[in-house]
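A.B. asks: Data file work.csv (CSV, C-alpha atoms (C1' of nucleotides)) is appended below.
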chain,number,residue,atom,x,y,z
N,482,MET,CA,11.9,-6.3,24.0
N,483,THR,CA,8.2,-5.9,24.4
N,484,GLN,CA,6.5,-3.8,21.7
N,485,GLU,CA,8.5,-0.6,21.2
N,486,PRO,CA,6.0,2.1,20.2
N,487,TYR,CA,6.0,3.6,16.8
N,488,PRO,CA,7.6,7.0,16.4
N,489,HIS,CA,5.0,9.7,16.3
N,490,PRO,CA,6.2,13.2,15.4
N,491,ASP,CA,5.2,16.2,17.4
N,492,VAL,CA,2.5,18.2,15.6
N,493,SER,CA,4.8,21.2,15.6
N,494,GLU,CA,7.2,19.4,13.4
N,495,VAL,CA,4.7,18.6,10.7
N,496,THR,CA,4.4,20.8,7.7
N,497,LEU,CA,1.3,21.7,5.7
N,498,PRO,CA,2.7,20.3,2.4
N,499,GLU,CA,3.5,17.1,4.2
N,500,VAL,CA,0.0,16.7,5.5
N,501,LEU,CA,-1.5,17.5,2.2
N,502,HIS,CA,0.7,15.1,0.5
N,503,ALA,CA,-0.4,12.4,2.9
N,504,LEU,CA,-4.0,13.2,2.2
N,505,SER,CA,-3.6,13.2,-1.6
N,506,ASP,CA,-3.6,9.4,-2.0
N,507,PRO,CA,-6.9,7.6,-2.5
N,508,VAL,CA,-5.9,4.6,-0.4
N,509,ARG,CA,-4.9,6.8,2.5
N,510,LEU,CA,-8.0,8.8,2.2
N,511,SER,CA,-10.0,5.6,2.4
N,512,ILE,CA,-8.2,4.6,5.5
N,513,LEU,CA,-8.9,7.9,7.2
N,514,GLN,CA,-12.5,7.8,6.2
N,515,ALA,CA,-12.9,4.4,7.9
N,516,LEU,CA,-11.6,5.9,11.2
N,517,VAL,CA,-14.2,7.1,13.6
N,518,PRO,CA,-13.0,10.2,15.5
N,519,GLY,CA,-12.1,9.4,19.1
N,520,GLN,CA,-12.2,5.7,18.5
N,521,GLU,CA,-9.6,3.1,17.8
N,522,SER,CA,-9.9,0.8,14.9
N,523,ALA,CA,-8.2,-2.4,13.7
N,524,TRP,CA,-7.1,-2.9,10.2
N,525,SER,CA,-9.8,-5.3,9.5
N,526,GLY,CA,-12.4,-2.7,8.8
N,527,PHE,CA,-10.4,-0.8,6.2
N,528,MET,CA,-11.6,-2.6,3.1
N,529,VAL,CA,-8.7,-1.6,1.1
N,530,SER,CA,-7.5,-3.9,-1.6
N,531,VAL,CA,-3.7,-3.6,-1.2
N,532,ALA,CA,-1.1,-5.9,0.0
N,533,PRO,CA,-0.4,-5.9,3.8
N,534,SER,CA,3.1,-4.5,3.1
N,535,THR,CA,1.5,-1.6,1.1
N,536,LEU,CA,-1.0,-1.0,3.9
N,537,SER,CA,1.9,-0.9,6.4
N,538,HIS,CA,3.6,1.6,4.2
N,539,HIS,CA,0.6,3.9,4.1
N,540,MET,CA,0.3,3.7,7.8
N,541,LYS,CA,3.8,5.0,8.2
N,542,VAL,CA,3.1,7.9,5.9
N,543,LEU,CA,-0.1,8.8,7.8
N,544,ARG,CA,1.8,8.4,11.1
N,545,ASN,CA,4.7,10.6,10.0
N,546,ALA,CA,2.2,13.3,8.8
N,547,GLY,CA,0.8,13.4,12.3
N,548,LEU,CA,-2.6,12.2,11.1
N,549,ILE,CA,-3.0,9.0,13.1
N,550,THR,CA,-1.9,7.4,16.3
N,551,HIS,CA,-0.6,3.9,15.8
N,552,ARG,CA,-0.5,1.5,18.6
N,553,LYS,CA,0.2,-2.2,18.8
N,554,GLU,CA,-1.9,-4.4,21.0
N,555,GLY,CA,-0.9,-8.0,21.0
N,556,THR,CA,-0.6,-9.1,17.4
N,557,ARG,CA,-2.8,-6.5,15.8
N,558,CYS,CA,-2.6,-2.7,15.5
N,559,LEU,CA,-5.0,-0.1,16.7
N,560,VAL,CA,-5.2,3.1,14.8
N,561,SER,CA,-7.0,6.3,15.6
N,562,LEU,CA,-7.2,9.9,14.3
N,563,ARG,CA,-4.8,12.2,16.1
N,564,GLN,CA,-6.8,15.0,17.7
N,565,ASP,CA,-3.9,17.3,18.3
N,566,LEU,CA,-3.3,17.8,14.6
N,567,GLY,CA,-6.4,20.0,14.7
N,568,GLU,CA,-4.6,22.3,16.9
N,569,ARG,CA,-1.8,22.8,14.4
N,570,PHE,CA,-4.1,22.9,11.3
N,571,PRO,CA,-7.5,23.8,12.6
N,572,GLY,CA,-10.3,22.5,10.3
N,573,LEU,CA,-8.1,20.9,7.8
N,574,LEU,CA,-8.8,17.3,8.4
N,575,ASP,CA,-12.5,18.0,9.0
N,576,THR,CA,-12.8,19.8,5.7
N,577,VAL,CA,-11.0,17.1,3.7
N,578,LEU,CA,-13.0,14.3,5.3
N,579,ARG,CA,-16.2,16.1,4.7
N,580,LEU,CA,-15.4,16.4,1.0
N,581,ALA,CA,-14.0,13.0,0.6
N,582,PRO,CA,-16.0,10.8,-1.8
N,583,VAL,CA,-18.3,8.3,0.0
N,584,ALA,CA,-17.1,5.5,-2.2
H,1372,MET,CA,-2.9,31.3,-35.0
H,1373,THR,CA,-3.8,33.7,-32.3
H,1374,GLN,CA,-3.5,32.6,-28.7
H,1375,GLU,CA,-5.4,29.4,-28.3
H,1376,PRO,CA,-6.7,29.3,-24.7
H,1377,TYR,CA,-5.3,26.9,-22.2
H,1378,PRO,CA,-7.4,23.8,-21.4
H,1379,HIS,CA,-9.3,24.2,-18.2
H,1380,PRO,CA,-11.1,21.2,-16.8
H,1381,ASP,CA,-14.7,21.4,-15.6
H,1382,VAL,CA,-14.7,21.4,-11.8
H,1383,SER,CA,-16.9,18.3,-11.9
H,1384,GLU,CA,-14.0,16.3,-13.5
H,1385,VAL,CA,-11.6,17.2,-10.7
H,1386,THR,CA,-11.0,14.7,-7.9
H,1387,LEU,CA,-10.2,15.5,-4.3
H,1388,PRO,CA,-6.8,13.6,-4.4
H,1389,GLU,CA,-5.9,15.5,-7.5
H,1390,VAL,CA,-6.6,18.9,-5.8
H,1391,LEU,CA,-4.8,17.8,-2.6
H,1392,HIS,CA,-1.8,16.7,-4.6
H,1393,ALA,CA,-1.7,20.0,-6.4
H,1394,LEU,CA,-1.8,21.7,-3.0
H,1395,SER,CA,0.9,19.6,-1.5
H,1396,ASP,CA,3.9,21.3,-3.2
H,1397,PRO,CA,5.5,24.3,-1.4
H,1398,VAL,CA,6.1,26.2,-4.7
H,1399,ARG,CA,2.5,25.8,-5.8
H,1400,LEU,CA,1.3,26.8,-2.4
H,1401,SER,CA,3.4,30.0,-2.6
H,1402,ILE,CA,1.9,30.8,-5.9
H,1403,LEU,CA,-1.6,30.4,-4.6
H,1404,GLN,CA,-0.8,32.6,-1.6
H,1405,ALA,CA,0.3,35.3,-3.9
H,1406,LEU,CA,-3.0,35.3,-5.7
H,1407,VAL,CA,-5.6,37.8,-4.4
H,1408,PRO,CA,-9.1,36.3,-4.8
H,1409,GLY,CA,-11.1,37.9,-7.6
H,1410,GLN,CA,-8.0,39.5,-9.1
H,1411,GLU,CA,-5.7,38.6,-11.9
H,1412,SER,CA,-2.0,38.5,-11.3
H,1413,ALA,CA,1.0,38.3,-13.5
H,1414,TRP,CA,3.9,36.0,-12.8
H,1415,SER,CA,6.1,38.9,-11.8
H,1416,GLY,CA,4.8,39.0,-8.3
H,1417,PHE,CA,5.3,35.4,-7.5
H,1418,MET,CA,8.8,35.6,-6.0
H,1419,VAL,CA,9.4,32.0,-6.6
H,1420,SER,CA,13.0,31.0,-7.3
H,1421,VAL,CA,12.5,28.3,-9.9
H,1422,ALA,CA,13.3,28.2,-13.6
H,1423,PRO,CA,10.6,29.6,-16.0
H,1424,SER,CA,10.0,26.1,-17.3
H,1425,THR,CA,9.4,24.8,-13.8
H,1426,LEU,CA,7.0,27.6,-13.1
H,1427,SER,CA,5.2,26.8,-16.3
H,1428,HIS,CA,4.9,23.2,-15.2
H,1429,HIS,CA,3.4,24.1,-11.8
H,1430,MET,CA,0.9,26.4,-13.6
H,1431,LYS,CA,-0.2,23.5,-15.6
H,1432,VAL,CA,-0.7,21.3,-12.5
H,1433,LEU,CA,-2.7,24.1,-10.8
H,1434,ARG,CA,-4.7,24.6,-13.9
H,1435,ASN,CA,-5.5,20.9,-14.3
H,1436,ALA,CA,-6.5,20.7,-10.7
H,1437,GLY,CA,-9.1,23.4,-11.3
H,1438,LEU,CA,-7.4,25.7,-8.9
H,1439,ILE,CA,-6.6,28.6,-11.2
H,1440,THR,CA,-7.6,30.3,-14.4
H,1441,HIS,CA,-4.8,30.8,-16.8
H,1442,ARG,CA,-5.1,33.4,-19.5
H,1443,LYS,CA,-2.7,34.9,-21.9
H,1444,GLU,CA,-2.7,38.6,-22.7
H,1445,GLY,CA,-0.1,39.6,-25.2
H,1446,THR,CA,3.2,38.2,-24.1
H,1447,ARG,CA,2.4,37.7,-20.5
H,1448,CYS,CA,0.1,35.5,-18.6
H,1449,LEU,CA,-2.6,36.4,-16.2
H,1450,VAL,CA,-3.6,34.0,-13.4
H,1451,SER,CA,-6.4,34.1,-11.0
H,1452,LEU,CA,-8.0,31.8,-8.4
H,1453,ARG,CA,-10.9,29.8,-9.8
H,1454,GLN,CA,-14.0,30.6,-7.8
H,1455,ASP,CA,-16.1,27.7,-9.0
H,1456,LEU,CA,-13.8,25.1,-7.4
H,1457,GLY,CA,-15.4,26.2,-4.1
H,1458,GLU,CA,-18.7,24.9,-5.4
H,1459,ARG,CA,-17.1,21.5,-5.9
H,1460,PHE,CA,-15.1,21.4,-2.7
H,1461,PRO,CA,-16.5,24.1,-0.4
H,1462,GLY,CA,-14.1,25.5,2.1
H,1463,LEU,CA,-11.1,23.5,0.9
H,1464,LEU,CA,-9.0,26.2,-0.6
H,1465,ASP,CA,-10.0,28.7,2.0
H,1466,THR,CA,-8.9,26.4,4.8
H,1467,VAL,CA,-5.6,25.5,3.1
H,1468,LEU,CA,-4.7,29.1,2.4
H,1469,ARG,CA,-5.6,30.1,5.9
H,1470,LEU,CA,-3.2,27.5,7.2
H,1471,ALA,CA,-0.4,28.1,4.7
H,1472,PRO,CA,2.8,29.5,6.3
H,1473,VAL,CA,3.3,33.2,5.9
H,1474,ALA,CA,6.8,32.7,4.6
O,764,DT,C1',11.2,43.1,-40.3
O,765,DT,C1',14.1,42.4,-36.7
O,766,DC,C1',14.6,41.9,-31.9
O,767,DG,C1',13.6,41.4,-27.0
O,768,DA,C1',10.4,39.7,-23.6
O,769,DT,C1',7.6,36.1,-22.0
O,770,DG,C1',6.0,31.5,-21.7
O,771,DT,C1',5.8,26.7,-23.4
O,772,DT,C1',7.5,22.3,-24.8
O,773,DC,C1',10.9,18.8,-24.9
O,774,DG,C1',14.3,15.7,-23.4
O,775,DA,C1',16.9,14.5,-19.4
O,776,DC,C1',18.1,13.4,-14.7
O,777,DG,C1',17.8,12.2,-9.9
O,778,DA,C1',14.6,11.6,-6.2
O,779,DA,C1',10.5,10.1,-4.4
O,780,DT,C1',6.3,7.0,-4.7
O,781,DA,C1',3.1,3.1,-4.8
O,782,DT,C1',3.1,-1.5,-5.3
O,783,DC,C1',4.1,-6.3,-4.6
O,784,DA,C1',6.3,-10.8,-2.9
O,785,DA,C1',9.2,-12.9,0.2
O,786,DA,C1',11.6,-13.0,4.4
O,787,DC,C1',11.5,-11.7,9.1
O,788,DA,C1',9.7,-10.6,14.0
O,789,DA,C1',6.5,-10.6,17.8
O,790,DT,C1',2.5,-12.2,20.1
O,791,DG,C1',-1.1,-15.3,21.8
O,792,DG,C1',-3.2,-19.8,21.8
O,793,DC,C1',-2.7,-24.8,21.5
S,1064,DG,C1',7.5,-25.4,22.9
S,1065,DC,C1',5.1,-25.0,18.4
S,1066,DC,C1',2.4,-22.7,15.3
S,1067,DA,C1',-0.9,-19.5,13.2
S,1068,DT,C1',-1.9,-14.6,13.1
S,1069,DT,C1',-0.6,-10.1,12.2
S,1070,DG,C1',2.4,-6.5,10.9
S,1071,DT,C1',7.0,-4.9,9.4
S,1072,DT,C1',11.1,-4.8,6.7
S,1073,DT,C1',13.5,-5.5,2.7
S,1074,DG,C1',14.5,-5.7,-2.1
S,1075,DA,C1',12.7,-5.0,-6.7
S,1076,DT,C1',10.1,-2.6,-10.1
S,1077,DA,C1',7.5,0.6,-12.6
S,1078,DT,C1',5.8,5.2,-12.3
S,1079,DT,C1',5.5,9.8,-11.2
S,1080,DC,C1',7.5,14.1,-9.8
S,1081,DG,C1',10.3,18.4,-9.5
S,1082,DT,C1',13.8,20.5,-11.6
S,1083,DC,C1',16.7,22.3,-15.2
S,1084,DG,C1',18.6,23.9,-19.8
S,1085,DA,C1',17.9,24.3,-24.5
S,1086,DA,C1',15.0,24.9,-28.3
S,1087,DC,C1',10.8,26.8,-29.9
S,1088,DA,C1',6.6,29.9,-30.3
S,1089,DT,C1',4.2,34.2,-29.8
S,1090,DC,C1',3.6,38.8,-29.2
S,1091,DG,C1',4.8,43.9,-29.0
S,1092,DA,C1',8.0,47.4,-29.9
S,1093,DA,C1',11.7,49.6,-32.3
Using the file provided, produce a representation of the structure as structure tokens.
C.D. replies:
Amino acid sequence: MTQEPYPHPDVSEVTLPEVLHALSDPVRLSILQALVPGQESAWSGFMVSVAPSTLSHHMKVLRNAGLITHRKEGTRCLVSLRQDLGERFPGLLDTVLRLAPVA
Amino acid sequence: MTQEPYPHPDVSEVTLPEVLHALSDPVRLSILQALVPGQESAWSGFMVSVAPSTLSHHMKVLRNAGLITHRKEGTRCLVSLRQDLGERFPGLLDTVLRLAPVA
DNA sequence: TTCGATGTTCGACGAATATCAAACAATGGC
DNA sequence: GCCATTGTTTGATATTCGTCGAACATCGAA
């Protein structure tokens, strides 16, 4: 089997509490802040001091909340902000990221 | 002792993850939706099917997140949306309430 | 003063969460 | 083919969370 893609929910299946919960963790918020809209990023730039397994866990949460696209290329992963979540919850992610602490 | 007021944090002490966590529960979201900005409400109108103790718990969470003002008048409580949280996190509550399901 | 109405506090309980280390899997380079 | 790199999965653990019922506190009314 080559890389089977990660399961990404349809944005219509995602609920608001689910998204807000995904956004309510400092580590996940840091990850999202490190993502440049419309651009894929590798994990290297996240600067988050958690174990790899923990990071992997947070990625799954963000993915299931419809916040990110998660793709595997070779041995590393490429992550990007999902644009279509803005169709479901217009302005939500923009507002949160705008207010997120710079730290 | 007459009614000692509930502790309300200063908005400067409230963190974004804390607010988002408070917003990520369906019951709390329902409560906030039932609140009319600039107007005090009693618990009667919340239409939330949880035990009184649970409701009280959610109120404390909302209060500690700086989302509501909680005042006791006689035997019942009056709750209202805190306006000054919008100074700390402009547009956040408005965006979330705009996107909250009508149910 | 006694009682009813309205919240709060206090365990308690099950479920979910965040975290880690260790084992596992897949890929690309040697 | 072998191995290092990079994530994922799997326990394990400690914590937090949402919920309830029961006991308690406070106030207003009878």
A.B. asks: Might you pull out every residue within 12 Å of Lys541 in chain N, with all atoms listed in the file counted and same-chain residues fewer than 4 positions away left off, and present them as a PyMOL selection string?
C.D. replies: (chain N and resi 487-490+503+509+534-537+545-552+560) or (chain S and resi 1070-1071)
A.B. asks: Chain H least-squares fit onto chain N, all C-alpha atoms in order: RMSD in Å?
C.D. replies: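 The C-alpha RMSD comes to 0.1 Å.
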A.B. asks: What's the separation between CA of Val531 in chain N and CA of Gln514 in chain N, in Å to one decimal place?
C.D. replies: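 Atom-to-atom, CA of Val531 in chain N and CA of Gln514 in chain N are spaced 16.2 Å apart.
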A.B. asks: Return as a list in words the residues belonging to chain H that are within 9 Å of chain N, counting only C-alpha atoms.
C.D. replies: Thr1386, Leu1387, Pro1388, Glu1389, Val1390, Leu1391, His1392, Ala1393, Leu1394, Ser1395, Asp1396, Pro1397, Leu1400, Arg1459, Phe1460, Pro1461, Gly1462, Leu1463, Thr1466, Val1467, Leu1470, Ala1471 and Pro1472 of chain H
A.B. asks: With a cut-off of 10 Å, could you pull out the residues of chain N touching chain O and give me the nearest pair of atoms for each, distance in Å to one decimal, using all atoms listed in the file, ordered by chain and ascending number, as a Markdown table?
C.D. replies:
| residue | atom | partner | partner_atom | distance |
| --- | --- | --- | --- | --- |
| N:Met482 | CA | O:DA789 | C1' | 9.3 |
| N:Thr483 | CA | O:DA789 | C1' | 8.3 |
| N:Gln484 | CA | O:DA789 | C1' | 7.8 |
| N:Asp506 | CA | O:DA781 | C1' | 9.6 |
| N:Val531 | CA | O:DT782 | C1' | 8.2 |
| N:Ala532 | CA | O:DC783 | C1' | 7.0 |
| N:Pro533 | CA | O:DC783 | C1' | 9.5 |
| N:Ser534 | CA | O:DC783 | C1' | 8.0 |
| N:Thr535 | CA | O:DT782 | C1' | 6.6 |
| N:His538 | CA | O:DA781 | C1' | 9.1 |
| N:His539 | CA | O:DA781 | C1' | 9.3 |
| N:Glu554 | CA | O:DT790 | C1' | 9.0 |
| N:Gly555 | CA | O:DT790 | C1' | 5.5 |
| N:Thr556 | CA | O:DT790 | C1' | 5.1 |
| N:Arg557 | CA | O:DT790 | C1' | 8.9 |
A.B. asks: Quick check, in Å to one decimal: how far apart do CA of Val542 in chain N and CA of Gln520 in chain N lie?
C.D. replies: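 Distance between the two atoms: 19.9 Å.
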A.B. asks: Work out how far CA of Leu559 in chain N is from CA of Ser522 in chain N, in Å to one decimal.
C.D. replies: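 Going from CA of Ser522 in chain N over to CA of Leu559 in chain N covers 5.3 Å.
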A.B. asks: Write out as a tab-separated table a residue-level contact list of chain S versus chain N with cut-off 12 Å: for each qualifying residue the closest pair of atoms and the distance in Å to one decimal, counting all atoms listed in the file, rows sorted by chain and residue number upward.
C.D. replies:
residue	atom	partner	partner_atom	distance
S:DA1067	C1'	N:Thr556	CA	11.2
S:DT1068	C1'	N:Thr556	CA	7.1
S:DT1069	C1'	N:Thr556	CA	5.3
S:DG1070	C1'	N:Arg557	CA	7.1
S:DT1071	C1'	N:Ser537	CA	7.1
S:DT1072	C1'	N:Ser534	CA	8.8
S:DT1073	C1'	N:Ser534	CA	10.5
A.B. asks: Which one is closest to Leu1406 in chain H: H:Glu1458, H:Val1473, H:Pro1376, H:Leu1452? Count all atoms listed in the file.
C.D. replies: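 Of H:Glu1458, H:Val1473, H:Pro1376, H:Leu1452, the one nearest Leu1406 in chain H, counting all atoms listed in the file, is H:Leu1452.
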